[in-house]
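Undergrad: Have a peek at structure_15.cif (mmCIF, C-alpha atoms).
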```cif
data_final
#
loop_
_atom_site.label_atom_id
_atom_site.label_comp_id
_atom_site.auth_asym_id
_atom_site.auth_seq_id
_atom_site.Cartn_x
_atom_site.Cartn_y
_atom_site.Cartn_z
CA MET A 1 -23.80 3.31 48.02
CA ALA A 2 -26.43 3.54 45.34
CA VAL A 3 -29.64 4.85 46.80
CA CYS A 4 -32.66 3.97 44.74
CA ALA A 5 -34.00 7.33 43.63
CA SER A 6 -36.93 5.69 41.85
CA LEU A 7 -38.49 4.90 45.23
CA PHE A 8 -38.56 8.59 45.97
CA PHE A 9 -40.35 9.27 42.68
CA LYS A 10 -42.93 6.60 43.35
CA CYS A 11 -43.64 7.52 46.94
CA ARG A 12 -46.03 10.45 46.87
CA ARG A 13 -46.36 11.09 50.60
CA LEU A 14 -43.02 11.67 52.17
CA PRO A 15 -42.08 13.51 55.31
CA SER A 16 -40.69 16.91 54.36
CA THR A 17 -37.21 16.04 55.69
CA LEU A 18 -36.89 13.15 53.26
CA LEU A 19 -38.17 15.31 50.39
CA ASN A 20 -35.48 17.87 51.21
CA LEU A 21 -32.90 15.12 50.90
CA ARG A 22 -34.09 14.21 47.38
CA PRO A 23 -31.71 16.48 45.43
CA LEU A 24 -28.77 15.15 47.48
CA VAL A 25 -29.84 11.57 46.90
CA LEU A 26 -30.28 12.13 43.17
CA SER A 27 -26.86 13.70 42.87
CA LEU A 28 -25.22 10.96 44.95
CA ASN A 29 -26.96 8.37 42.84
CA ALA A 30 -25.86 10.01 39.61
CA GLN A 31 -22.26 10.22 40.81
CA SER A 32 -22.07 6.64 41.94
CA THR A 33 -23.83 5.48 38.80
CA ARG A 34 -21.32 7.33 36.65
CA THR A 35 -18.39 5.92 38.55
CA PHE A 36 -19.81 2.45 38.39
CA CYS A 37 -20.38 2.71 34.64
CA SER A 38 -16.90 3.98 33.76
CA THR A 39 -15.22 1.28 35.85
CA LYS A 40 -17.29 -1.29 34.02
CA ALA A 41 -16.44 0.38 30.70
CA LEU A 42 -12.71 0.23 31.39
CA ALA A 43 -12.98 -3.46 32.11
CA ALA A 44 -14.98 -4.08 28.91
CA ARG A 45 -13.02 -1.73 26.62
CA LYS A 46 -10.63 -3.28 24.13
CA TYR A 47 -8.15 -1.56 21.83
CA THR A 48 -6.57 -2.04 18.42
CA GLU A 49 -3.04 -1.15 17.42
CA GLN A 50 -4.61 1.41 15.05
CA HIS A 51 -5.83 3.33 18.10
CA GLU A 52 -9.51 2.45 18.00
CA TRP A 53 -11.41 1.22 21.07
CA VAL A 54 -14.48 -0.96 21.34
CA ASP A 55 -16.63 -1.19 24.47
CA VAL A 56 -18.98 -4.15 24.44
CA GLN A 57 -22.21 -4.31 26.40
CA GLY A 58 -24.04 -7.57 25.62
CA THR A 59 -23.61 -8.04 21.88
CA ILE A 60 -23.38 -4.35 20.97
CA GLY A 61 -19.97 -2.74 20.74
CA THR A 62 -19.47 1.03 20.84
CA VAL A 63 -16.47 2.12 18.78
CA GLY A 64 -14.30 5.21 19.01
CA VAL A 65 -10.70 6.41 18.71
CA THR A 66 -8.31 6.76 21.62
CA ASP A 67 -6.98 9.86 23.27
CA TYR A 68 -3.63 9.22 21.59
CA ALA A 69 -5.36 9.16 18.19
CA GLN A 70 -7.25 12.43 18.66
CA THR A 71 -4.03 14.15 19.74
CA ALA A 72 -2.15 12.81 16.71
CA LEU A 73 -4.95 13.95 14.40
CA GLY A 74 -5.36 17.48 15.66
CA ASP A 75 -8.73 19.24 15.61
CA VAL A 76 -11.20 16.98 13.86
CA VAL A 77 -13.34 18.95 11.40
CA PHE A 78 -15.25 16.12 9.76
CA ALA A 79 -16.27 12.58 10.61
CA GLN A 80 -17.30 10.18 7.86
CA LEU A 81 -19.06 7.37 9.72
CA PRO A 82 -20.40 4.01 8.51
CA GLU A 83 -24.12 3.90 7.79
CA PRO A 84 -26.45 1.81 9.96
CA ASP A 85 -27.09 -1.64 8.45
CA SER A 86 -23.66 -1.77 6.79
CA GLU A 87 -21.98 -5.11 7.32
CA LEU A 88 -18.33 -4.89 8.20
CA ASN A 89 -15.49 -7.32 8.68
CA GLN A 90 -12.77 -6.81 11.23
CA MET A 91 -10.19 -4.27 9.97
CA ASP A 92 -12.40 -3.10 7.07
CA ASP A 93 -12.06 0.56 6.12
CA CYS A 94 -15.28 1.94 7.53
CA GLY A 95 -14.95 5.71 7.42
CA ALA A 96 -12.55 8.58 7.93
CA LEU A 97 -11.79 11.47 10.22
CA GLU A 98 -10.56 14.75 8.78
CA SER A 99 -8.27 17.21 10.51
CA VAL A 100 -5.84 19.85 9.20
CA LYS A 101 -6.80 18.92 5.62
CA ALA A 102 -5.79 15.32 6.32
CA ALA A 103 -8.29 12.48 6.01
CA SER A 104 -7.38 9.47 8.16
CA GLU A 105 -9.07 6.13 7.61
CA LEU A 106 -11.10 4.45 10.33
CA TYR A 107 -10.91 0.68 10.70
CA CYS A 108 -13.62 -1.50 12.16
CA PRO A 109 -12.20 -3.32 15.21
CA VAL A 110 -14.76 -6.15 15.11
CA SER A 111 -16.98 -7.82 12.50
CA GLY A 112 -20.69 -7.16 12.56
CA THR A 113 -23.54 -4.92 11.46
CA VAL A 114 -23.59 -1.21 12.23
CA VAL A 115 -26.68 -0.36 14.29
CA GLU A 116 -26.10 3.32 14.98
CA LYS A 117 -23.74 6.14 14.10
CA ASN A 118 -23.17 9.12 16.37
CA LYS A 119 -25.07 12.00 14.75
CA ASP A 120 -23.78 14.40 17.43
CA VAL A 121 -20.22 13.74 16.26
CA GLU A 122 -21.23 14.26 12.63
CA GLU A 123 -22.55 17.68 13.62
CA THR A 124 -19.83 18.52 16.13
CA PRO A 125 -16.66 16.58 15.20
CA ALA A 126 -14.75 18.40 17.96
CA LEU A 127 -16.43 16.02 20.43
CA ILE A 128 -13.87 13.46 19.32
CA ASN A 129 -11.08 15.69 20.59
CA GLN A 130 -12.92 16.82 23.72
CA SER A 131 -14.28 13.46 24.84
CA PRO A 132 -12.83 10.57 22.81
CA TYR A 133 -14.15 7.84 25.14
CA GLU A 134 -17.58 9.20 25.91
CA GLN A 135 -19.44 11.81 23.86
CA GLY A 136 -16.98 11.28 20.98
CA TRP A 137 -18.07 7.68 20.33
CA LEU A 138 -18.33 7.02 16.59
CA PHE A 139 -20.67 4.12 15.92
CA LYS A 140 -22.28 1.07 17.49
CA ILE A 141 -22.01 -2.38 15.98
CA GLN A 142 -23.84 -5.66 16.58
CA LEU A 143 -20.97 -8.14 16.89
CA SER A 144 -21.12 -11.19 14.65
CA LYS A 145 -17.91 -12.78 15.98
CA PRO A 146 -17.46 -11.87 19.67
CA GLU A 147 -14.42 -14.15 19.83
CA GLU A 148 -12.51 -11.47 17.86
CA LEU A 149 -12.36 -9.46 21.09
CA ASP A 150 -9.92 -11.97 22.57
CA ALA A 151 -7.24 -10.94 20.09
CA LEU A 152 -7.61 -7.21 20.83
CA LEU A 153 -5.52 -5.38 23.41
CA ASP A 154 -6.74 -4.61 26.90
CA GLU A 155 -5.92 -1.30 28.59
CA ALA A 156 -2.50 -2.45 29.83
CA GLY A 157 -1.71 -4.02 26.47
CA TYR A 158 -2.59 -0.81 24.66
CA GLU A 159 -0.48 1.31 27.04
CA ASN A 160 2.39 -1.08 26.40
CA HIS A 161 1.87 -0.80 22.65
CA LEU A 162 2.12 2.99 22.89
CA LYS A 163 5.34 2.71 24.89
CA ASN A 164 6.95 0.09 22.67
CA THR A 165 6.20 1.85 19.44
CA GLY A 166 7.79 5.03 20.68
CA HIS A 167 4.79 7.20 21.44
CA MET B 1 22.78 0.58 -5.73
CA ILE B 2 24.05 3.84 -4.31
CA PRO B 3 25.04 3.32 -0.66
CA PRO B 4 22.92 5.29 1.81
CA SER B 5 24.33 8.61 2.89
CA GLN B 6 25.84 8.68 6.33
CA ASN B 7 23.73 11.63 7.37
CA PHE B 8 20.32 10.11 6.70
CA HIS B 9 18.90 6.86 7.92
CA ARG B 10 15.82 7.20 5.74
CA SER B 11 15.56 7.10 2.00
CA VAL B 12 12.81 8.30 -0.31
CA GLY B 13 12.50 7.75 -4.05
CA VAL B 14 11.41 10.58 -6.36
CA TRP B 15 9.77 10.39 -9.76
CA PHE B 16 9.30 13.59 -11.69
CA VAL B 17 6.82 12.71 -14.42
CA GLY B 18 5.96 16.11 -15.85
CA PHE B 19 2.50 16.45 -17.36
CA LEU B 20 0.21 13.68 -16.21
CA GLN B 21 -3.53 13.18 -16.18
CA TYR B 22 -5.02 13.46 -12.68
CA GLN B 23 -6.52 9.97 -12.59
CA THR B 24 -3.33 8.34 -13.85
CA ALA B 25 -1.37 10.06 -11.10
CA TYR B 26 -3.88 8.76 -8.58
CA HIS B 27 -3.58 5.18 -9.91
CA ILE B 28 0.20 5.43 -9.49
CA GLN B 29 -0.22 6.70 -5.94
CA LYS B 30 -2.55 3.82 -5.08
CA TYR B 31 -0.08 1.32 -6.49
CA LEU B 32 2.79 2.86 -4.50
CA ALA B 33 0.66 3.06 -1.36
CA ASN B 34 -0.17 -0.60 -1.72
CA LEU B 35 3.51 -1.50 -2.12
CA HIS B 36 4.44 0.42 1.02
CA SER B 37 1.51 -1.04 2.92
CA ILE B 38 2.45 -4.61 2.02
CA SER B 39 6.02 -3.88 3.05
CA ASN B 40 4.61 -2.75 6.42
CA SER B 41 2.55 -5.84 7.04
CA LEU B 42 5.37 -8.14 5.96
CA LYS B 43 7.63 -6.20 8.33
CA GLU B 44 10.44 -6.51 5.85
CA GLU B 45 12.98 -4.05 4.55
CA GLN B 46 11.66 -4.40 1.03
CA LEU B 47 11.17 -0.82 0.07
CA ASN B 48 12.52 2.55 0.94
CA ASP B 49 10.59 4.78 3.31
CA GLY B 50 8.48 6.57 0.73
CA THR B 51 8.10 7.67 -2.86
CA ILE B 52 7.48 11.20 -4.10
CA LEU B 53 5.56 11.69 -7.30
CA MET B 54 5.97 15.15 -8.89
CA VAL B 55 3.58 16.15 -11.64
CA GLU B 56 1.88 18.95 -13.50
CA HIS B 57 -1.79 18.56 -14.40
CA ALA B 58 -3.98 19.88 -17.17
CA PRO B 59 -6.76 22.04 -15.67
CA VAL B 60 -8.69 20.01 -13.11
CA TYR B 61 -10.85 20.81 -10.08
CA THR B 62 -10.98 18.36 -7.18
CA THR B 63 -12.93 18.12 -3.93
CA GLY B 64 -12.32 16.23 -0.68
CA ILE B 65 -14.25 13.92 1.65
CA ARG B 66 -16.25 16.73 3.20
CA THR B 67 -18.02 17.34 -0.10
CA SER B 68 -21.59 16.08 -0.14
CA ASN B 69 -22.58 13.51 -2.73
CA ASP B 70 -24.68 16.10 -4.49
CA VAL B 71 -22.04 17.75 -6.67
CA GLU B 72 -23.64 17.31 -10.08
CA SER B 73 -24.35 20.98 -10.77
CA GLU B 74 -20.94 22.04 -9.47
CA GLU B 75 -19.31 19.38 -11.63
CA LYS B 76 -21.22 20.54 -14.73
CA ARG B 77 -20.35 24.17 -14.14
CA LEU B 78 -16.64 23.55 -13.71
CA LYS B 79 -16.38 21.08 -16.58
CA ALA B 80 -17.99 23.67 -18.84
CA LEU B 81 -14.93 25.83 -18.24
CA GLY B 82 -12.80 23.20 -19.95
CA ALA B 83 -11.49 21.49 -16.82
CA GLU B 84 -11.81 17.99 -15.46
CA PHE B 85 -13.53 17.33 -12.14
CA TYR B 86 -12.93 14.67 -9.50
CA LYS B 87 -14.24 13.95 -6.06
CA THR B 88 -11.45 12.48 -3.93
CA ASN B 89 -10.87 10.95 -0.50
CA ARG B 90 -8.39 13.57 0.68
CA GLY B 91 -8.93 16.20 3.35
CA GLY B 92 -9.67 19.77 2.34
CA LEU B 93 -12.37 21.23 0.12
CA THR B 94 -12.36 22.35 -3.53
CA THR B 95 -9.14 23.28 -5.24
CA PHE B 96 -7.65 23.67 -8.69
CA HIS B 97 -4.63 22.07 -10.37
CA GLY B 98 -3.24 23.21 -13.68
CA PRO B 99 -0.23 24.19 -15.78
CA GLY B 100 2.41 26.16 -13.91
CA GLN B 101 1.53 24.49 -10.62
CA LEU B 102 3.91 21.96 -9.10
CA VAL B 103 1.84 19.12 -7.65
CA VAL B 104 3.68 16.80 -5.28
CA TYR B 105 2.30 13.49 -4.04
CA PRO B 106 4.50 12.07 -1.26
CA VAL B 107 3.52 8.46 -0.66
CA LEU B 108 5.28 8.08 2.66
CA ASN B 109 5.31 5.29 5.20
CA LEU B 110 4.75 7.37 8.34
CA LYS B 111 5.71 4.37 10.46
CA HIS B 112 9.27 5.24 9.47
CA PHE B 113 8.82 8.93 10.21
CA ASN B 114 6.26 10.11 12.77
CA LYS B 115 2.86 8.46 13.04
CA SER B 116 0.88 11.67 13.20
CA MET B 117 -1.03 13.32 10.36
CA LYS B 118 -0.77 16.61 12.18
CA TRP B 119 3.03 16.30 12.20
CA TYR B 120 3.06 15.28 8.54
CA VAL B 121 1.00 18.25 7.37
CA CYS B 122 3.11 20.59 9.51
CA LYS B 123 6.28 19.24 7.87
CA LEU B 124 4.84 19.70 4.39
CA GLU B 125 4.06 23.32 5.27
CA GLU B 126 7.59 23.80 6.64
CA THR B 127 9.09 22.32 3.46
CA ILE B 128 7.32 24.95 1.37
CA ILE B 129 8.06 27.78 3.80
CA GLN B 130 11.80 27.02 3.63
CA LEU B 131 11.60 26.63 -0.15
CA CYS B 132 10.07 30.11 -0.38
CA LYS B 133 12.89 31.51 1.77
CA SER B 134 15.36 30.30 -0.81
CA PHE B 135 13.55 32.47 -3.35
CA GLY B 136 13.54 35.46 -1.01
CA VAL B 137 9.87 35.06 -0.08
CA GLU B 138 8.55 35.23 3.49
CA ALA B 139 5.74 32.71 3.60
CA GLY B 140 3.96 31.38 6.65
CA ARG B 141 1.10 29.48 8.18
CA SER B 142 -2.33 30.67 9.26
CA SER B 143 -5.24 29.11 11.10
CA ASN B 144 -6.08 27.47 7.75
CA THR B 145 -3.84 24.68 6.52
CA GLY B 146 -1.55 25.60 3.65
CA VAL B 147 1.22 28.07 3.01
CA TRP B 148 0.33 31.75 2.79
CA VAL B 149 1.90 35.03 1.83
CA LYS B 150 -0.09 37.63 3.75
CA ASN B 151 -3.74 36.78 3.01
CA GLU B 152 -3.11 34.83 -0.15
CA LYS B 153 -2.57 31.13 -0.46
CA LEU B 154 0.57 30.08 -2.26
CA CYS B 155 0.39 26.36 -1.64
CA ALA B 156 -2.60 24.14 -0.91
CA ILE B 157 -2.39 20.93 1.07
CA GLY B 158 -4.84 18.04 1.19
CA VAL B 159 -3.80 14.55 2.20
CA HIS B 160 -5.10 11.12 3.08
CA GLY B 161 -3.69 8.56 5.47
CA SER B 162 -4.44 4.87 5.55
CA ARG B 163 -2.54 2.48 7.82
CA TYR B 164 0.18 5.14 8.09
CA ILE B 165 0.64 5.40 4.30
CA THR B 166 -0.01 8.86 2.88
CA THR B 167 -1.51 9.80 -0.49
CA HIS B 168 -2.50 13.07 -2.17
CA GLY B 169 -0.28 15.98 -1.12
CA LEU B 170 0.40 19.58 -1.99
CA ALA B 171 0.01 21.99 -4.88
CA LEU B 172 2.41 24.93 -5.18
CA ASN B 173 1.50 27.75 -7.56
CA VAL B 174 4.70 28.62 -9.43
CA ASN B 175 3.41 30.49 -12.50
CA THR B 176 -0.16 29.19 -12.54
CA ASP B 177 -2.88 31.12 -14.33
CA LEU B 178 -4.64 32.18 -11.13
CA SER B 179 -7.86 33.16 -12.91
CA TRP B 180 -8.89 29.48 -12.77
CA PHE B 181 -9.32 29.94 -9.00
CA SER B 182 -11.94 32.67 -9.48
CA HIS B 183 -14.55 30.04 -10.35
CA ILE B 184 -14.39 28.37 -6.92
CA VAL B 185 -14.06 29.35 -3.30
CA PRO B 186 -10.53 27.93 -2.94
CA CYS B 187 -10.49 25.46 -0.05
CA GLY B 188 -13.79 26.91 1.13
CA ILE B 189 -12.26 30.14 2.46
CA PRO B 190 -14.24 33.00 0.89
CA ASP B 191 -12.31 36.11 1.94
CA LYS B 192 -8.78 35.08 1.04
CA GLY B 193 -7.09 35.01 -2.34
CA VAL B 194 -4.44 32.97 -4.10
CA THR B 195 -1.02 33.85 -5.38
CA SER B 196 1.99 32.25 -7.03
CA LEU B 197 5.71 32.10 -6.36
CA SER B 198 6.35 34.15 -9.51
CA GLN B 199 3.92 36.81 -8.33
CA VAL B 200 5.29 37.17 -4.80
CA SER B 201 8.96 36.90 -5.73
CA GLY B 202 8.72 39.20 -8.72
CA LYS B 203 10.74 36.65 -10.70
CA GLN B 204 9.67 34.75 -13.82
CA LEU B 205 9.79 31.27 -12.34
CA THR B 206 8.76 27.95 -13.85
CA ILE B 207 8.37 24.51 -12.31
CA ALA B 208 11.85 23.58 -13.55
CA ASN B 209 13.36 26.28 -11.29
CA VAL B 210 11.62 24.88 -8.24
CA ILE B 211 12.09 21.11 -8.40
CA ASN B 212 15.57 20.75 -6.96
CA PRO B 213 15.11 23.43 -4.26
CA PHE B 214 11.89 21.66 -3.27
CA LEU B 215 13.61 18.30 -2.95
CA GLU B 216 16.46 19.84 -0.95
CA SER B 217 13.98 21.38 1.45
CA PHE B 218 11.98 18.13 1.71
CA SER B 219 15.13 16.15 2.38
CA HIS B 220 16.04 18.54 5.19
CA GLU B 221 12.59 18.74 6.82
CA PHE B 222 11.88 15.02 6.64
CA ASP B 223 15.47 14.07 7.40
CA CYS B 224 15.77 11.65 4.52
CA GLN B 225 17.95 11.04 1.50
CA ILE B 226 16.23 11.48 -1.85
CA LYS B 227 17.15 9.35 -4.85
CA MET B 228 15.62 8.92 -8.27
CA LEU B 229 13.08 6.11 -8.30
CA PRO B 230 14.82 3.16 -9.98
CA PHE B 231 13.81 2.39 -13.55
CA GLU B 232 12.71 -1.15 -12.63
CA VAL B 233 10.18 0.22 -10.14
CA ARG B 234 8.85 2.69 -12.71
CA GLU B 235 8.61 -0.15 -15.22
CA ASN B 236 6.64 -2.29 -12.76
CA ILE B 237 4.23 0.54 -12.16
CA VAL B 238 3.75 1.13 -15.89
CA ASN B 239 3.18 -2.58 -16.51
CA HIS B 240 0.60 -2.66 -13.75
CA LEU B 241 -1.23 0.33 -15.27
CA LYS B 242 -1.07 -1.31 -18.71
CA ASN B 243 -2.46 -4.59 -17.39
CA GLU B 244 -5.32 -2.76 -15.74
CA ARG B 245 -5.87 -0.83 -18.99
CA LEU B 246 -5.45 2.45 -17.17
CA ILE B 247 -3.03 4.08 -19.62
CA ASN B 248 -2.47 4.33 -23.36
CA GLY B 249 0.73 3.94 -25.37
CA ALA B 250 1.66 7.61 -25.37
CA THR B 251 1.41 7.86 -21.57
CA GLU B 252 3.40 4.64 -21.26
CA ASP B 253 6.26 6.12 -23.31
CA GLN B 254 6.19 9.33 -21.34
CA LEU B 255 6.30 7.52 -18.01
CA LEU B 256 9.33 5.48 -19.00
CA GLU B 257 11.27 8.43 -20.37
CA ASN B 258 14.34 9.32 -18.35
CA LYS B 259 14.15 12.81 -16.92
CA SER B 260 17.37 14.71 -16.39
CA PHE B 261 16.01 17.13 -13.80
CA ILE B 262 17.36 15.40 -10.79
CA ALA B 263 20.96 15.14 -11.83
CA ASN B 264 22.88 15.20 -8.59
CA GLN B 265 22.55 13.29 -5.36
CA LEU B 266 21.09 15.54 -2.69
#
```
Could you quickly redo this structure as structure tokens?

TA:
Amino acid sequence: MAVCASLFFKCRRLPSTLLNLRPLVLSLNAQSTRTFCSTKALAARKYTEQHEWVDVQGTIGTVGVTDYAQTALGDVVFAQLPEPDSELNQMDDCGALESVKAASELYCPVSGTVVEKNKDVEETPALINQSPYEQGWLFKIQLSKPEELDALLDEAGYENHLKNTGH
Amino acid sequence: MIPPSQNFHRSVGVWFVGFLQYQTAYHIQKYLANLHSISNSLKEEQLNDGTILMVEHAPVYTTGIRTSNDVESEEKRLKALGAEFYKTNRGGLTTFHGPGQLVVYPVLNLKHFNKSMKWYVCKLEETIIQLCKSFGVEAGRSSNTGVWVKNEKLCAIGVHGSRYITTHGLALNVNTDLSWFSHIVPCGIPDKGVTSLSQVSGKQLTIANVINPFLESFSHEFDCQIKMLPFEVRENIVNHLKNERLINGATEDQLLENKSFIANQL
């Protein structure tokens, strides 16, 4: 039930009862929008055996590390992210995350050109621990070979991988 | 080859080199890391589970990945003191290595241990803590990585992990000239000092006193057998360094010399 809040913004003359409902509608809309987005994200999200995830919308993939990875790292104190416009091949070393005086390499899950890095994470690396799938995203990449996604693990495959490799 | 001990199902090779230039030690680590990495991707039992390189450096300051690219003035200042300077890809900030400090570089395949950097660093800390106990010293952890005696750091740790292969490692002050540390903020922590095993134990210790106890502690904490790295492997490494023109004749001789420190099986 996604109520179009934009109609409420556009309509200037509304009966007062409807105007009173506006906050409720906005919050309902936001909730359903959020739910809708994360369901879609789960379906689109792919994983590597090195515990990175990539969530593709169109031709742009957002990359991050999994919850398992952030637990294994400990508190992240520094994120070295790839610069926009860098061209990367699948599995290239593309940066590092530092925790407990340990720098762990990041690997690019798909080939392409980096379009954006997460400046919030550069400033507040703890976001990776707090929200590895949302605010802790690392960089966005314009995919050059979308077919590479077929070889990556889906959610069930990744869960299996964690089980089989004794995690 | 010596049959594996019944108590351990993992085996690690050790190479005590003695004095070695920082960059040469790093080239050796990279070569070993590559070997272990290939062995991983081939999924074959080609190598043991890790190799420990133990060295002593001439005075050198190093920094980690958090250091900005703008280190020219810092580099000049520290080099003027008569030390070398290198920016590295390890975790941690600025530290010092020099005579009287045991530097250990475990190149481990964490796939055969525990695939967590947090676990690895914790185990390195525990190795040193137990080593200190054997010298009658109560050392411990703090909110900052490393091994401490009260508010002074005894052992610094800074590592790097790539595809579950570790490089860099730890630096334990045995009878280091601690005045070298006064020129930096060690590991970026301004209100804490540094100390050495000799200082806190009240004994005149040298690196030679510490090697075997260290390896015993490592073997226990990492649950692995430790054996001397075979001569053929050392020879391969030296040949690789020679081919890449990374070492001179004197270093080559030194690297191939047999060291009698690790006499007994642990």

Undergrad: I'd like a table as CSV: residues in chain B with an atom no more than 7 Å from chain A, each row giving the shortest atom pair and its distance in Å to one decimal, only C-alpha atoms counted, sorted by chain and rising residue number.

TA:
```
residue,atom,partner,partner_atom,distance
B:Arg66,CA,A:Phe78,CA,6.7
B:Arg90,CA,A:Ala103,CA,5.4
B:Gly91,CA,A:Lys101,CA,4.1
B:Gly92,CA,A:Lys101,CA,4.4
B:Ser116,CA,A:Ala72,CA,4.8
B:Met117,CA,A:Leu73,CA,5.7
B:Lys118,CA,A:Leu73,CA,5.4
B:Thr145,CA,A:Val100,CA,5.9
B:Ile157,CA,A:Lys101,CA,6.6
B:Gly158,CA,A:Lys101,CA,4.9
B:Val159,CA,A:Ala102,CA,4.6
B:His160,CA,A:Ala103,CA,4.5
B:Gly161,CA,A:Ser104,CA,4.7
B:Ser162,CA,A:Glu105,CA,5.2
```

Undergrad: For the provided coordinates, the residues matched by the PyMOL selection byres ((chain A and resi 124-138) around 6) should be stated as a ChimeraX atom specification.

TA: /A:63-64,67,70,76-78,118,120-123,139

Undergrad: Take the selection from the previous step and output its residues with C-alpha atoms, as a PDB file, keeping the file's coordinate frame.

TA:
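Final file, out_19.pdb:
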```pdb
ATOM      1  CA  VAL A  63     -16.470   2.120  18.780  1.00  0.00           C
ATOM      2  CA  GLY A  64     -14.300   5.210  19.010  1.00  0.00           C
ATOM      3  CA  ASP A  67      -6.980   9.860  23.270  1.00  0.00           C
ATOM      4  CA  GLN A  70      -7.250  12.430  18.660  1.00  0.00           C
ATOM      5  CA  VAL A  76     -11.200  16.980  13.860  1.00  0.00           C
ATOM      6  CA  VAL A  77     -13.340  18.950  11.400  1.00  0.00           C
ATOM      7  CA  PHE A  78     -15.250  16.120   9.760  1.00  0.00           C
ATOM      8  CA  ASN A 118     -23.170   9.120  16.370  1.00  0.00           C
ATOM      9  CA  ASP A 120     -23.780  14.400  17.430  1.00  0.00           C
ATOM     10  CA  VAL A 121     -20.220  13.740  16.260  1.00  0.00           C
ATOM     11  CA  GLU A 122     -21.230  14.260  12.630  1.00  0.00           C
ATOM     12  CA  GLU A 123     -22.550  17.680  13.620  1.00  0.00           C
ATOM     13  CA  PHE A 139     -20.670   4.120  15.920  1.00  0.00           C
TER      14      PHE A 139
END
```

Undergrad: Fewer than 6 positions away in the same chain doesn't count, so skip those; otherwise give me all residues within 12 Å of Gln23 (chain B), counting only C-alpha atoms, as a ChimeraX atom specification.

TA: /B:29-30,55,57-58,60-62,84-88,168,241,246-247

Undergrad: What is the CA of Val210 (chain B)-CA of Glu126 (chain B) distance in Å, reported with one decimal?

TA: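 Calculated distance between CA of Val210 (chain B) and CA of Glu126 (chain B) is 15.5 Å.
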
Undergrad: Hey, what's within 7 Å of Leu205 (chain B) if we count only C-alpha atoms and toss same-chain stuff fewer than 2 positions away? As a list in words, please?

TA: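 Near neighbours after the sequence-gap exclusion: Val174, Asn175, Ser198, Lys203, Ile207 and Asn209 of chain B.
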
Undergrad: Tell me which residues the PyMOL selection byres ((chain B and resi 240) around 12) grabs here, as a list in words.

TA: Thr24, His27, Ile28, Lys30, Tyr31, Leu32, Val233, Arg234, Glu235, Asn236, Ile237, Val238, Asn239, Leu241, Lys242, Asn243, Glu244, Arg245, Leu246, Ile247 and Glu252 of chain B

Undergrad: Evaluate the PyMOL selection byres ((chain A and resi 154) around 12) here and jot the selected residues down as number ranges by chain.

TA: A: 41-49, 51-55, 149-153, 155-161

Undergrad: Just the number, please: distance in Å from CA of Val114 (chain A) to CA of Asn40 (chain B), one decimal.

TA: 28.8 Å

Undergrad: Using all atoms listed in the file, find the one residue out of A:Ser111, A:Gln142, A:Met91, A:Pro82 that sits nearest to Gln57 (chain A).

TA: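 Answer, going by the shortest atom-to-atom distance: A:Gln142.
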
Undergrad: Can you list, as a VMD selection string, every protein, DNA or RNA residue that comes within 10 Å of Lys153 (chain B) when you count all atoms listed in the file, leaving out same-chain residues fewer than 2 positions away?

TA: chain B and resid 139 to 142 144 to 151 155 to 156 172 to 173 186 to 187 192 to 196

Undergrad: Looking at only C-alpha atoms, which of B:Glu257, B:Glu138, B:Glu75, B:Asp177 is the one that sits closest to Pro59 (chain B)?

TA: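 Going through B:Glu257, B:Glu138, B:Glu75, B:Asp177 one by one, the smallest distance to Pro59 (chain B) is for B:Asp177.
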
Undergrad: How many Å lie between CA of Pro213 (chain B) and CA of Leu197 (chain B), rounded to one decimal?

TA: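 Separating CA of Pro213 (chain B) from CA of Leu197 (chain B) is a distance of 13.0 Å.
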
Undergrad: Distance cut-off 6 Å, centre (1.4, 4.0, 12.5) in file coordinates, counting all atoms listed in the file: which residues qualify? Return them as an NGL selection string.

TA: :B and (111 or 115 or 164)

Undergrad: Using all atoms listed in the file for the distances, tell me which of A:Lys117, A:Asn164, A:Lys145, A:Lys140 is nearest to Gln90 (chain A).

TA: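 Selected residue with least distance to Gln90 (chain A): A:Lys145.
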